[in-house]
Amino acid sequence: MSLASEVRTWSGFLGGLRGFLRNTIDLEDAKQIIQQRLEKRETNFLDRLEHGVYGYPQSPYLPMLKLAGCELGDLRAMVADRGLEATLRTLRDAGVYVTYEEFKGRRQIVRAGQVIPVSVADFDNPHAHHHYHGESGGTTGSPTRVLIDLEHLAAQAPVLMLGWHANGVLDVPTAVWLDILPDVAGIMNILRPIRFGRIPEKWFSPNMIRHSSPVTSAKFRLATLSMVPLARLQGIRMPWPELVGLDDPDRIAHWMADTLRKRDACMLYSHVSKALRVAIAAREAGLDLTGATFMAGGEPPTPAKVKEITASGAAWVPIYPFSEYGTVGVGCANPRDENDVHLLDDGLALIQHPRPIPGTTVTVDAFNFTTLLPHAPKLLLNVESDDYGLIEERPCGCELETVGFPRHVRDIRSFSKLTGEAGTLIGSAMVRILEEVLPARFGGSSLDYQLMEEEDDQGFTRLSVLVHPRVQIEDETEVIETILAALEPEDPEPGTGSFAAEMTRNVWRQAETLRVRRIPPKVTGHGKMMPLHVSRNRPDA
């Protein structure tokens with residue numbers, strides 16, 4: 001995008017932001033909006049398909065529906081007869097779906113022998129306003145352009161408000177420890193609470209965009225910082241981003257402890273490992289965080305991590321987001337385990353379908369999402385995320401169930417990426433590095449290298465590169481640098497950068513997420529040596 005186009009786009013965003021900031025909702029508004037959307041789920045689905053697929057010739061879903069012999073009238077009849085989720089399963093079985101790799105533009109779509117040309121942008125919702133854009137935080141491949149639509153942020157505010165209220169944090173002082181643009185997480189989680197009248201008091205950012213291109217660095221910094229004076233002119237004290245690196249969690253721990261002394265409660269909204277860093281820093285400094293709450297997502301909240309977090313005295317609430325949509329689930333107030341969230345299905349439909357985990361012998365029931373809200377940045381129809389887990393409907397007695405969200409999602413894990421410090425390694429890319437790049441650089445064969453995801457004694461996720469001792473390596477740090485360098489996209493999509501990926505690599509360098517272990521790679525009980533080995537428990541693993 002040219003500089004002139006960037007200026008026009010951002011000016012449009014700021015113009016829309018004025019109206020966004022002026023209009024807020026209360027709790028009764030939130031409940032009414034949610035109930036109306038739940039009652040109209042099937043109608044909303046059919047409207048999205050009528051206008052965004054059948055009425056949009058460029059839609060990548062249209063050729064699949066035609067191959068399946070499904071016209072709009074057929075779809076209406078199926079929904080009326082079977083319901084929404086059953087209809088989606090029928091469509092999935094008939095070939096109307098998009099795999100994770102297809103959605104990310106890493107593999108072409110082929111159905112019934114027919115190639116369906118598609119780009120990542122073809123999944124953009126043609127009826128959303130797309131006020132601005134950022135990037136997903138993946139480490140491999142071209143970072144996915146993530147669209148920011150203010151109307152969609154406003155549409156997500158009611159469910160977040162109810163989730164905060166159900167967990168007792170609606171009226172407590174809040175801080176956010178998330179990056180500024182191009183990472184969309186920070187800006188989304190500053191703006192959405194403002195919509196329901198809750199202004200975060202602090203915005204801590206691990207990165208402040210240090211990139212080789214001064215123009216790019218200035219663009220994202222100015223884009224973020226220009227929001228603050230606009231909000232303050234309207235009487236909203238939006239916080240200025242403050243640089244707080246991963247090596248300085250004490251600063252946030254002391255903010256939380258000071259806030260607790262003065263006001264009895266506070267909350268930090270962040271990623272799981274960042275929450276863990278603050279909790280450990282508080283304990284080491286002798287700070288009691290009783291009365292505080294950590295609300296976090298972006299990586300699996302394993303039992304070890306949550307145990308360390310709650311040992312600080314703080315409460316724990318999980319969230320389940322993904323970049324292209326927003327928040328999918330909010331923690332149950334009466335959870336069965338540390339990763340128990342209510343599925344916010346007023347705006348999404350979710351079904352599961354079996355698929356193998358790359359680099360392993362395991363098959364899991366992958367999540368397939370369909371969007372129902374009119375301004376969701378991406379129009380999803382049975383789009384496979386790279387997550388899987390347990391979906392169940394059970395009574396829990398919390399307010400999220402009462403308002404109409406009886407379905408729970410637990411044991412959420414990713415099947416295609418290994419996650420640490422909210423950054424990700426795509427499994428298929430790592431297989432290439434382990435089997436081709438490292439043997440070519442250091443010698444040996446693909447049998448001498450393996451990546452293992454594990455947790456250290458404090459609960460931090462580490463990605464250990466197992467290198468057989470017979471491979472002669474003088475400097476083990478070169479192995480890590482070789483991996484990080486190999487993750488840079490060779491042929492990035494035009495118009496995209498790798499700034500979000502670079503931010504993730506910088507975080508991993510700070511956190512020492514990758515490490516080398518000089519031991520033979522692990523083998524399965526059947527004598528197989530898989531490129532990726534997960535040492536901690538996973539569902540179905």
# chains A, B, ... in the order shown; residues from 1 in each chain; ligands from 1
call {"tool": "residues_around", "arguments": {"residues": "segment 395-402 of chain A", "least_positions_apart": "6", "cutoff": "10 Å", "atoms": "only C-alpha atoms", "output": "list in words"}}
result
Val159, Leu162, Gly163, Trp164, His165, Ala166, Asn167, Val330, Gly331, Cys332, Ala333, Asn334, Pro335, Arg336, Val341, His342, Leu343, Leu344 and His408 of chain A
call {"tool": "write_last_selection", "arguments": {"atoms": "C-alpha atoms", "output": "tab-separated table (two decimals), in the first residue's frame"}}
result
chain	number	residue	atom	x	y	z
A	159	VAL	CA	-19.97	-10.56	24.88
A	162	LEU	CA	-20.73	-9.99	29.92
A	163	GLY	CA	-17.64	-12.19	30.25
A	164	TRP	CA	-15.92	-9.61	32.42
A	165	HIS	CA	-19.05	-9.20	34.52
A	166	ALA	CA	-19.49	-12.97	34.99
A	167	ASN	CA	-15.92	-13.22	36.26
A	330	VAL	CA	-14.37	-16.31	27.60
A	331	GLY	CA	-13.59	-18.20	30.78
A	332	CYS	CA	-16.37	-19.91	32.70
A	333	ALA	CA	-16.92	-18.49	36.20
A	334	ASN	CA	-17.36	-22.08	37.49
A	335	PRO	CA	-14.74	-23.86	35.36
A	336	ARG	CA	-14.02	-27.54	35.14
A	341	VAL	CA	-14.27	-21.19	28.16
A	342	HIS	CA	-17.83	-20.54	27.05
A	343	LEU	CA	-18.19	-20.56	23.27
A	344	LEU	CA	-19.52	-17.16	22.17
A	408	HIS	CA	-17.99	-25.04	26.67
call {"tool": "select_by_dssp", "arguments": {"residues": "segment 191-299 of chain A", "states": "strand (DSSP E or B)", "output": "list in words"}}
result
Lys202, Trp203, Phe204, Ser205, Pro241, Glu242, Leu243, Cys266, Met267, Leu268, Tyr269, Ser270, His271, Ala292, Thr293, Phe294, Met295, Ala296 and Gly297 of chain A
call {"tool": "write_last_selection", "arguments": {"atoms": "all heavy atoms", "output": "compact mmCIF listing (two decimals), in the first residue's frame"}}
result
# COMPACT_ATOMS: atom_id res chain seq x y z
N LYS A 202 -3.57 1.32 31.83
CA LYS A 202 -2.18 1.18 31.37
C LYS A 202 -2.14 0.33 30.11
O LYS A 202 -2.89 -0.64 29.99
CB LYS A 202 -1.30 0.53 32.44
CG LYS A 202 -1.04 1.40 33.66
CD LYS A 202 -0.04 2.51 33.35
CE LYS A 202 0.34 3.29 34.58
NZ LYS A 202 1.34 4.35 34.28
N TRP A 203 -1.26 0.71 29.19
CA TRP A 203 -0.99 -0.08 27.99
C TRP A 203 0.50 -0.32 27.92
O TRP A 203 1.26 0.54 27.53
CB TRP A 203 -1.48 0.65 26.75
CG TRP A 203 -1.32 -0.14 25.46
CD1 TRP A 203 -0.74 -1.37 25.30
CD2 TRP A 203 -1.74 0.28 24.16
NE1 TRP A 203 -0.78 -1.75 23.99
CE2 TRP A 203 -1.39 -0.77 23.26
CE3 TRP A 203 -2.37 1.42 23.67
CZ2 TRP A 203 -1.64 -0.68 21.89
CZ3 TRP A 203 -2.62 1.50 22.31
CH2 TRP A 203 -2.27 0.46 21.43
N PHE A 204 0.91 -1.49 28.41
CA PHE A 204 2.31 -1.88 28.35
C PHE A 204 2.55 -2.65 27.05
O PHE A 204 1.78 -3.54 26.70
CB PHE A 204 2.66 -2.77 29.55
CG PHE A 204 2.38 -2.15 30.88
CD1 PHE A 204 1.38 -2.68 31.71
CD2 PHE A 204 3.07 -1.04 31.32
CE1 PHE A 204 1.11 -2.12 32.95
CE2 PHE A 204 2.81 -0.46 32.55
CZ PHE A 204 1.82 -1.01 33.38
N SER A 205 3.62 -2.34 26.34
CA SER A 205 3.91 -2.99 25.05
C SER A 205 5.31 -3.58 25.08
O SER A 205 6.28 -2.86 25.35
CB SER A 205 3.79 -1.98 23.90
OG SER A 205 4.17 -2.59 22.68
N PRO A 241 0.93 4.01 25.02
CA PRO A 241 1.72 2.77 25.14
C PRO A 241 3.05 3.04 25.84
O PRO A 241 3.71 4.05 25.58
CB PRO A 241 1.93 2.36 23.68
CG PRO A 241 0.90 3.09 22.89
CD PRO A 241 0.67 4.38 23.61
N GLU A 242 3.41 2.14 26.74
CA GLU A 242 4.68 2.23 27.46
C GLU A 242 5.50 0.98 27.16
O GLU A 242 4.99 -0.13 27.27
CB GLU A 242 4.44 2.32 28.97
CG GLU A 242 3.57 3.49 29.41
CD GLU A 242 3.28 3.42 30.89
OE1 GLU A 242 4.18 3.03 31.67
OE2 GLU A 242 2.14 3.74 31.28
N LEU A 243 6.75 1.16 26.79
CA LEU A 243 7.61 0.02 26.48
C LEU A 243 7.99 -0.72 27.76
O LEU A 243 8.61 -0.15 28.66
CB LEU A 243 8.88 0.50 25.76
CG LEU A 243 9.90 -0.59 25.42
CD1 LEU A 243 9.30 -1.62 24.46
CD2 LEU A 243 11.16 0.02 24.81
N CYS A 266 -7.56 -5.40 40.68
CA CYS A 266 -7.04 -4.98 39.38
C CYS A 266 -7.01 -6.19 38.46
O CYS A 266 -7.17 -7.33 38.90
CB CYS A 266 -5.64 -4.36 39.49
SG CYS A 266 -4.35 -5.51 39.99
N MET A 267 -6.80 -5.94 37.18
CA MET A 267 -6.72 -7.03 36.21
C MET A 267 -5.64 -6.70 35.18
O MET A 267 -5.50 -5.55 34.76
CB MET A 267 -8.05 -7.24 35.48
CG MET A 267 -7.99 -8.38 34.45
SD MET A 267 -9.60 -8.75 33.69
CE MET A 267 -9.79 -7.38 32.56
N LEU A 268 -4.90 -7.73 34.76
CA LEU A 268 -3.98 -7.63 33.64
C LEU A 268 -4.50 -8.51 32.51
O LEU A 268 -4.76 -9.69 32.70
CB LEU A 268 -2.57 -8.08 34.02
CG LEU A 268 -1.55 -8.01 32.87
CD1 LEU A 268 -1.26 -6.57 32.49
CD2 LEU A 268 -0.26 -8.74 33.22
N TYR A 269 -4.64 -7.91 31.33
CA TYR A 269 -5.11 -8.62 30.13
C TYR A 269 -3.90 -8.80 29.23
O TYR A 269 -3.29 -7.82 28.80
CB TYR A 269 -6.18 -7.77 29.44
CG TYR A 269 -6.99 -8.49 28.39
CD1 TYR A 269 -8.28 -8.90 28.65
CD2 TYR A 269 -6.47 -8.74 27.13
CE1 TYR A 269 -9.06 -9.54 27.68
CE2 TYR A 269 -7.22 -9.39 26.16
CZ TYR A 269 -8.51 -9.78 26.44
OH TYR A 269 -9.25 -10.41 25.48
N SER A 270 -3.54 -10.07 28.93
CA SER A 270 -2.28 -10.29 28.21
C SER A 270 -2.25 -11.68 27.61
O SER A 270 -3.28 -12.34 27.45
CB SER A 270 -1.12 -10.10 29.19
OG SER A 270 0.11 -10.09 28.52
N HIS A 271 -1.05 -12.12 27.24
CA HIS A 271 -0.82 -13.50 26.83
C HIS A 271 -0.45 -14.34 28.04
O HIS A 271 0.01 -13.81 29.06
CB HIS A 271 0.30 -13.57 25.79
CG HIS A 271 -0.05 -12.92 24.49
ND1 HIS A 271 0.74 -11.95 23.90
CD2 HIS A 271 -1.12 -13.08 23.67
CE1 HIS A 271 0.18 -11.56 22.77
NE2 HIS A 271 -0.94 -12.23 22.60
N ALA A 292 -6.10 -9.62 42.63
CA ALA A 292 -5.83 -9.34 41.21
C ALA A 292 -6.35 -10.49 40.36
O ALA A 292 -6.58 -11.61 40.84
CB ALA A 292 -4.34 -9.15 40.98
N THR A 293 -6.52 -10.22 39.06
CA THR A 293 -6.94 -11.23 38.11
C THR A 293 -6.06 -11.14 36.87
O THR A 293 -5.79 -10.04 36.38
CB THR A 293 -8.41 -11.03 37.69
OG1 THR A 293 -9.25 -11.15 38.84
CG2 THR A 293 -8.83 -12.07 36.65
N PHE A 294 -5.62 -12.29 36.38
CA PHE A 294 -4.96 -12.38 35.08
C PHE A 294 -5.97 -12.96 34.09
O PHE A 294 -6.49 -14.06 34.29
CB PHE A 294 -3.74 -13.30 35.14
CG PHE A 294 -2.58 -12.71 35.89
CD1 PHE A 294 -2.33 -13.08 37.21
CD2 PHE A 294 -1.73 -11.80 35.29
CE1 PHE A 294 -1.25 -12.56 37.91
CE2 PHE A 294 -0.65 -11.27 35.98
CZ PHE A 294 -0.41 -11.64 37.29
N MET A 295 -6.26 -12.21 33.03
CA MET A 295 -7.10 -12.71 31.95
C MET A 295 -6.21 -12.80 30.72
O MET A 295 -5.65 -11.79 30.27
CB MET A 295 -8.29 -11.78 31.68
CG MET A 295 -9.22 -12.28 30.58
SD MET A 295 -10.71 -11.24 30.33
CE MET A 295 -11.70 -11.74 31.75
N ALA A 296 -6.03 -14.00 30.18
CA ALA A 296 -5.01 -14.18 29.14
C ALA A 296 -5.37 -15.30 28.20
O ALA A 296 -6.15 -16.19 28.52
CB ALA A 296 -3.65 -14.44 29.79
N GLY A 297 -4.77 -15.24 27.01
CA GLY A 297 -4.93 -16.27 25.99
C GLY A 297 -3.74 -16.24 25.06
O GLY A 297 -2.64 -15.83 25.44
call {"tool": "atom_distance", "arguments": {"atom1": "atom CA of Ala257 of chain A", "atom2": "atom CA of Ile236 of chain A"}}
result
24.9 Å
call {"tool": "select_by_dssp", "arguments": {"residues": "segment 25-129 of chain A", "states": "helix (DSSP H, G or I)", "output": "number ranges by chain"}}
result
A: 27-39, 41-54, 61-67, 72-82, 84-93, 100-103, 120-123
call {"tool": "residues_around", "arguments": {"residues": "Val403 of chain A", "least_positions_apart": "4", "cutoff": "8 Å", "atoms": "only C-alpha atoms", "output": "list in words"}}
result
Lys31, Ile34, Gln35 and Glu399 of chain A
call {"tool": "residues_around", "arguments": {"residues": "Gly197 of chain A", "least_positions_apart": "6", "cutoff": "9 Å", "atoms": "only C-alpha atoms", "output": "list of chain:residue names"}}
result
A:Thr24, A:Ile25, A:Asp26
call {"tool": "write_last_selection", "arguments": {"atoms": "N, CA, C and O atoms", "output": "PDB file, in the first residue's frame"}}
result
ATOM      1  N   THR A  24     -21.453   4.175  23.730  1.00  0.00           N
ATOM      2  CA  THR A  24     -21.127   3.086  24.642  1.00  0.00           C
ATOM      3  C   THR A  24     -22.398   2.345  25.037  1.00  0.00           C
ATOM      4  O   THR A  24     -23.512   2.824  24.838  1.00  0.00           O
ATOM      5  N   ILE A  25     -22.213   1.153  25.595  1.00  0.00           N
ATOM      6  CA  ILE A  25     -23.343   0.319  26.016  1.00  0.00           C
ATOM      7  C   ILE A  25     -23.230   0.023  27.503  1.00  0.00           C
ATOM      8  O   ILE A  25     -22.132   0.077  28.089  1.00  0.00           O
ATOM      9  N   ASP A  26     -24.380  -0.294  28.122  1.00  0.00           N
ATOM     10  CA  ASP A  26     -24.364  -0.766  29.503  1.00  0.00           C
ATOM     11  C   ASP A  26     -24.678  -2.259  29.521  1.00  0.00           C
ATOM     12  O   ASP A  26     -24.877  -2.878  28.467  1.00  0.00           O
TER      13      ASP A  26
END
call {"tool": "closest_residue", "arguments": {"among": "A:Leu514, A:Ala157, A:Ala94, A:Ile252", "to": "Thr327 of chain A", "atoms": "only C-alpha atoms"}}
result
A:Ala157
call {"tool": "closest_atom_pairs", "arguments": {"of": "segment 248-352 of chain A", "to": "segment 62-84 of chain A", "cutoff": "12 Å", "atoms": "only C-alpha atoms", "output": "JSON lines"}}
result
{"residue": "A:Asp345", "atom": "CA", "partner": "A:Leu84", "partner_atom": "CA", "distance": 11.4}
{"residue": "A:Leu348", "atom": "CA", "partner": "A:Leu84", "partner_atom": "CA", "distance": 10.8}
{"residue": "A:Ala349", "atom": "CA", "partner": "A:Leu84", "partner_atom": "CA", "distance": 7.9}
{"residue": "A:Leu350", "atom": "CA", "partner": "A:Leu84", "partner_atom": "CA", "distance": 9.8}
{"residue": "A:Ile351", "atom": "CA", "partner": "A:Leu84", "partner_atom": "CA", "distance": 10.1}
call {"tool": "write_last_selection", "arguments": {"atoms": "N, CA and C atoms", "output": "PDB file, in the first residue's frame"}}
result
ATOM      1  N   ASP A 345     -21.160 -18.194  20.744  1.00  0.00           N
ATOM      2  CA  ASP A 345     -21.684 -18.600  19.444  1.00  0.00           C
ATOM      3  C   ASP A 345     -22.837 -17.732  18.957  1.00  0.00           C
ATOM      4  N   LEU A 348     -20.526 -16.819  15.965  1.00  0.00           N
ATOM      5  CA  LEU A 348     -19.793 -17.886  15.287  1.00  0.00           C
ATOM      6  C   LEU A 348     -20.549 -19.196  15.397  1.00  0.00           C
ATOM      7  N   ALA A 349     -20.357 -20.043  14.416  1.00  0.00           N
ATOM      8  CA  ALA A 349     -20.767 -21.443  14.517  1.00  0.00           C
ATOM      9  C   ALA A 349     -19.502 -22.292  14.467  1.00  0.00           C
ATOM     10  N   LEU A 350     -19.476 -23.352  15.259  1.00  0.00           N
ATOM     11  CA  LEU A 350     -18.285 -24.196  15.359  1.00  0.00           C
ATOM     12  C   LEU A 350     -18.671 -25.660  15.247  1.00  0.00           C
ATOM     13  N   ILE A 351     -18.031 -26.365  14.300  1.00  0.00           N
ATOM     14  CA  ILE A 351     -18.131 -27.817  14.209  1.00  0.00           C
ATOM     15  C   ILE A 351     -16.716 -28.379  14.209  1.00  0.00           C
TER      16      ILE A 351
END
call {"tool": "decode", "arguments": {"residues": "segment 48-60 of chain A", "atoms": "all heavy atoms", "output": "PDB file, in the first residue's frame"}}
result
ATOM      1  N   ARG A  48     -25.671 -13.862   5.539  1.00  0.00           N
ATOM      2  CA  ARG A  48     -24.246 -13.768   5.169  1.00  0.00           C
ATOM      3  C   ARG A  48     -23.983 -14.526   3.869  1.00  0.00           C
ATOM      4  O   ARG A  48     -23.246 -14.067   3.000  1.00  0.00           O
ATOM      5  CB  ARG A  48     -23.363 -14.355   6.272  1.00  0.00           C
ATOM      6  CG  ARG A  48     -23.422 -13.710   7.643  1.00  0.00           C
ATOM      7  CD  ARG A  48     -22.852 -12.313   7.708  1.00  0.00           C
ATOM      8  NE  ARG A  48     -23.742 -11.323   7.133  1.00  0.00           N
ATOM      9  CZ  ARG A  48     -24.875 -10.896   7.701  1.00  0.00           C
ATOM     10  NH1 ARG A  48     -25.269 -11.399   8.850  1.00  0.00           N
ATOM     11  NH2 ARG A  48     -25.626  -9.982   7.125  1.00  0.00           N
ATOM     12  N   LEU A  49     -24.573 -15.721   3.760  1.00  0.00           N
ATOM     13  CA  LEU A  49     -24.347 -16.531   2.558  1.00  0.00           C
ATOM     14  C   LEU A  49     -25.032 -15.919   1.335  1.00  0.00           C
ATOM     15  O   LEU A  49     -24.469 -15.929   0.226  1.00  0.00           O
ATOM     16  CB  LEU A  49     -24.852 -17.962   2.783  1.00  0.00           C
ATOM     17  CG  LEU A  49     -23.852 -18.982   3.352  1.00  0.00           C
ATOM     18  CD1 LEU A  49     -22.807 -19.331   2.311  1.00  0.00           C
ATOM     19  CD2 LEU A  49     -23.189 -18.496   4.633  1.00  0.00           C
ATOM     20  N   GLU A  50     -26.216 -15.370   1.523  1.00  0.00           N
ATOM     21  CA  GLU A  50     -26.939 -14.784   0.384  1.00  0.00           C
ATOM     22  C   GLU A  50     -26.172 -13.600  -0.202  1.00  0.00           C
ATOM     23  O   GLU A  50     -26.003 -13.497  -1.427  1.00  0.00           O
ATOM     24  CB  GLU A  50     -28.331 -14.332   0.817  1.00  0.00           C
ATOM     25  CG  GLU A  50     -29.124 -13.678  -0.317  1.00  0.00           C
ATOM     26  CD  GLU A  50     -30.519 -13.247   0.095  1.00  0.00           C
ATOM     27  OE1 GLU A  50     -30.895 -13.476   1.277  1.00  0.00           O
ATOM     28  OE2 GLU A  50     -31.240 -12.676  -0.758  1.00  0.00           O
ATOM     29  N   HIS A  51     -25.684 -12.715   0.659  1.00  0.00           N
ATOM     30  CA  HIS A  51     -25.062 -11.488   0.168  1.00  0.00           C
ATOM     31  C   HIS A  51     -23.552 -11.617  -0.010  1.00  0.00           C
ATOM     32  O   HIS A  51     -22.989 -11.025  -0.936  1.00  0.00           O
ATOM     33  CB  HIS A  51     -25.370 -10.333   1.124  1.00  0.00           C
ATOM     34  CG  HIS A  51     -26.834 -10.054   1.273  1.00  0.00           C
ATOM     35  ND1 HIS A  51     -27.607  -9.567   0.245  1.00  0.00           N
ATOM     36  CD2 HIS A  51     -27.678 -10.226   2.331  1.00  0.00           C
ATOM     37  CE1 HIS A  51     -28.860  -9.427   0.657  1.00  0.00           C
ATOM     38  NE2 HIS A  51     -28.931  -9.832   1.912  1.00  0.00           N
ATOM     39  N   GLY A  52     -22.903 -12.392   0.867  1.00  0.00           N
ATOM     40  CA  GLY A  52     -21.447 -12.466   0.825  1.00  0.00           C
ATOM     41  C   GLY A  52     -20.892 -13.602  -0.009  1.00  0.00           C
ATOM     42  O   GLY A  52     -19.698 -13.620  -0.322  1.00  0.00           O
ATOM     43  N   VAL A  53     -21.763 -14.561  -0.405  1.00  0.00           N
ATOM     44  CA  VAL A  53     -21.308 -15.706  -1.206  1.00  0.00           C
ATOM     45  C   VAL A  53     -22.114 -15.799  -2.502  1.00  0.00           C
ATOM     46  O   VAL A  53     -21.594 -15.580  -3.591  1.00  0.00           O
ATOM     47  CB  VAL A  53     -21.397 -17.020  -0.399  1.00  0.00           C
ATOM     48  CG1 VAL A  53     -20.991 -18.206  -1.275  1.00  0.00           C
ATOM     49  CG2 VAL A  53     -20.501 -16.948   0.835  1.00  0.00           C
ATOM     50  N   TYR A  54     -23.398 -16.119  -2.390  1.00  0.00           N
ATOM     51  CA  TYR A  54     -24.212 -16.275  -3.599  1.00  0.00           C
ATOM     52  C   TYR A  54     -24.343 -14.959  -4.366  1.00  0.00           C
ATOM     53  O   TYR A  54     -24.447 -14.958  -5.595  1.00  0.00           O
ATOM     54  CB  TYR A  54     -25.592 -16.812  -3.233  1.00  0.00           C
ATOM     55  CG  TYR A  54     -25.578 -18.267  -2.822  1.00  0.00           C
ATOM     56  CD1 TYR A  54     -25.622 -18.632  -1.479  1.00  0.00           C
ATOM     57  CD2 TYR A  54     -25.504 -19.282  -3.776  1.00  0.00           C
ATOM     58  CE1 TYR A  54     -25.611 -19.968  -1.091  1.00  0.00           C
ATOM     59  CE2 TYR A  54     -25.489 -20.621  -3.397  1.00  0.00           C
ATOM     60  CZ  TYR A  54     -25.539 -20.957  -2.061  1.00  0.00           C
ATOM     61  OH  TYR A  54     -25.520 -22.273  -1.694  1.00  0.00           O
ATOM     62  N   GLY A  55     -24.309 -13.839  -3.640  1.00  0.00           N
ATOM     63  CA  GLY A  55     -24.410 -12.541  -4.298  1.00  0.00           C
ATOM     64  C   GLY A  55     -23.079 -11.876  -4.553  1.00  0.00           C
ATOM     65  O   GLY A  55     -23.027 -10.676  -4.871  1.00  0.00           O
ATOM     66  N   TYR A  56     -22.002 -12.643  -4.450  1.00  0.00           N
ATOM     67  CA  TYR A  56     -20.652 -12.081  -4.617  1.00  0.00           C
ATOM     68  C   TYR A  56     -19.848 -13.034  -5.499  1.00  0.00           C
ATOM     69  O   TYR A  56     -19.284 -14.021  -5.024  1.00  0.00           O
ATOM     70  CB  TYR A  56     -19.989 -11.929  -3.241  1.00  0.00           C
ATOM     71  CG  TYR A  56     -18.622 -11.294  -3.269  1.00  0.00           C
ATOM     72  CD1 TYR A  56     -18.425 -10.012  -3.757  1.00  0.00           C
ATOM     73  CD2 TYR A  56     -17.516 -11.991  -2.768  1.00  0.00           C
ATOM     74  CE1 TYR A  56     -17.165  -9.427  -3.764  1.00  0.00           C
ATOM     75  CE2 TYR A  56     -16.253 -11.421  -2.763  1.00  0.00           C
ATOM     76  CZ  TYR A  56     -16.087 -10.134  -3.266  1.00  0.00           C
ATOM     77  OH  TYR A  56     -14.830  -9.562  -3.268  1.00  0.00           O
ATOM     78  N   PRO A  57     -19.804 -12.781  -6.804  1.00  0.00           N
ATOM     79  CA  PRO A  57     -19.212 -13.741  -7.750  1.00  0.00           C
ATOM     80  C   PRO A  57     -17.764 -14.104  -7.453  1.00  0.00           C
ATOM     81  O   PRO A  57     -17.313 -15.186  -7.828  1.00  0.00           O
ATOM     82  CB  PRO A  57     -19.323 -13.015  -9.101  1.00  0.00           C
ATOM     83  CG  PRO A  57     -20.435 -12.041  -8.923  1.00  0.00           C
ATOM     84  CD  PRO A  57     -20.381 -11.611  -7.500  1.00  0.00           C
ATOM     85  N   GLN A  58     -17.021 -13.215  -6.776  1.00  0.00           N
ATOM     86  CA  GLN A  58     -15.611 -13.503  -6.483  1.00  0.00           C
ATOM     87  C   GLN A  58     -15.421 -14.407  -5.273  1.00  0.00           C
ATOM     88  O   GLN A  58     -14.291 -14.759  -4.935  1.00  0.00           O
ATOM     89  CB  GLN A  58     -14.840 -12.191  -6.241  1.00  0.00           C
ATOM     90  CG  GLN A  58     -14.802 -11.272  -7.446  1.00  0.00           C
ATOM     91  CD  GLN A  58     -15.919 -10.233  -7.428  1.00  0.00           C
ATOM     92  OE1 GLN A  58     -17.003 -10.519  -6.930  1.00  0.00           O
ATOM     93  NE2 GLN A  58     -15.656  -9.057  -7.967  1.00  0.00           N
ATOM     94  N   SER A  59     -16.494 -14.782  -4.608  1.00  0.00           N
ATOM     95  CA  SER A  59     -16.372 -15.576  -3.387  1.00  0.00           C
ATOM     96  C   SER A  59     -15.701 -16.917  -3.671  1.00  0.00           C
ATOM     97  O   SER A  59     -16.102 -17.638  -4.591  1.00  0.00           O
ATOM     98  CB  SER A  59     -17.749 -15.834  -2.775  1.00  0.00           C
ATOM     99  OG  SER A  59     -17.644 -16.774  -1.715  1.00  0.00           O
ATOM    100  N   PRO A  60     -14.688 -17.302  -2.883  1.00  0.00           N
ATOM    101  CA  PRO A  60     -14.055 -18.615  -3.070  1.00  0.00           C
ATOM    102  C   PRO A  60     -14.971 -19.770  -2.683  1.00  0.00           C
ATOM    103  O   PRO A  60     -14.721 -20.915  -3.059  1.00  0.00           O
ATOM    104  CB  PRO A  60     -12.834 -18.547  -2.141  1.00  0.00           C
ATOM    105  CG  PRO A  60     -13.201 -17.547  -1.098  1.00  0.00           C
ATOM    106  CD  PRO A  60     -14.063 -16.534  -1.782  1.00  0.00           C
TER     107      PRO A  60
END
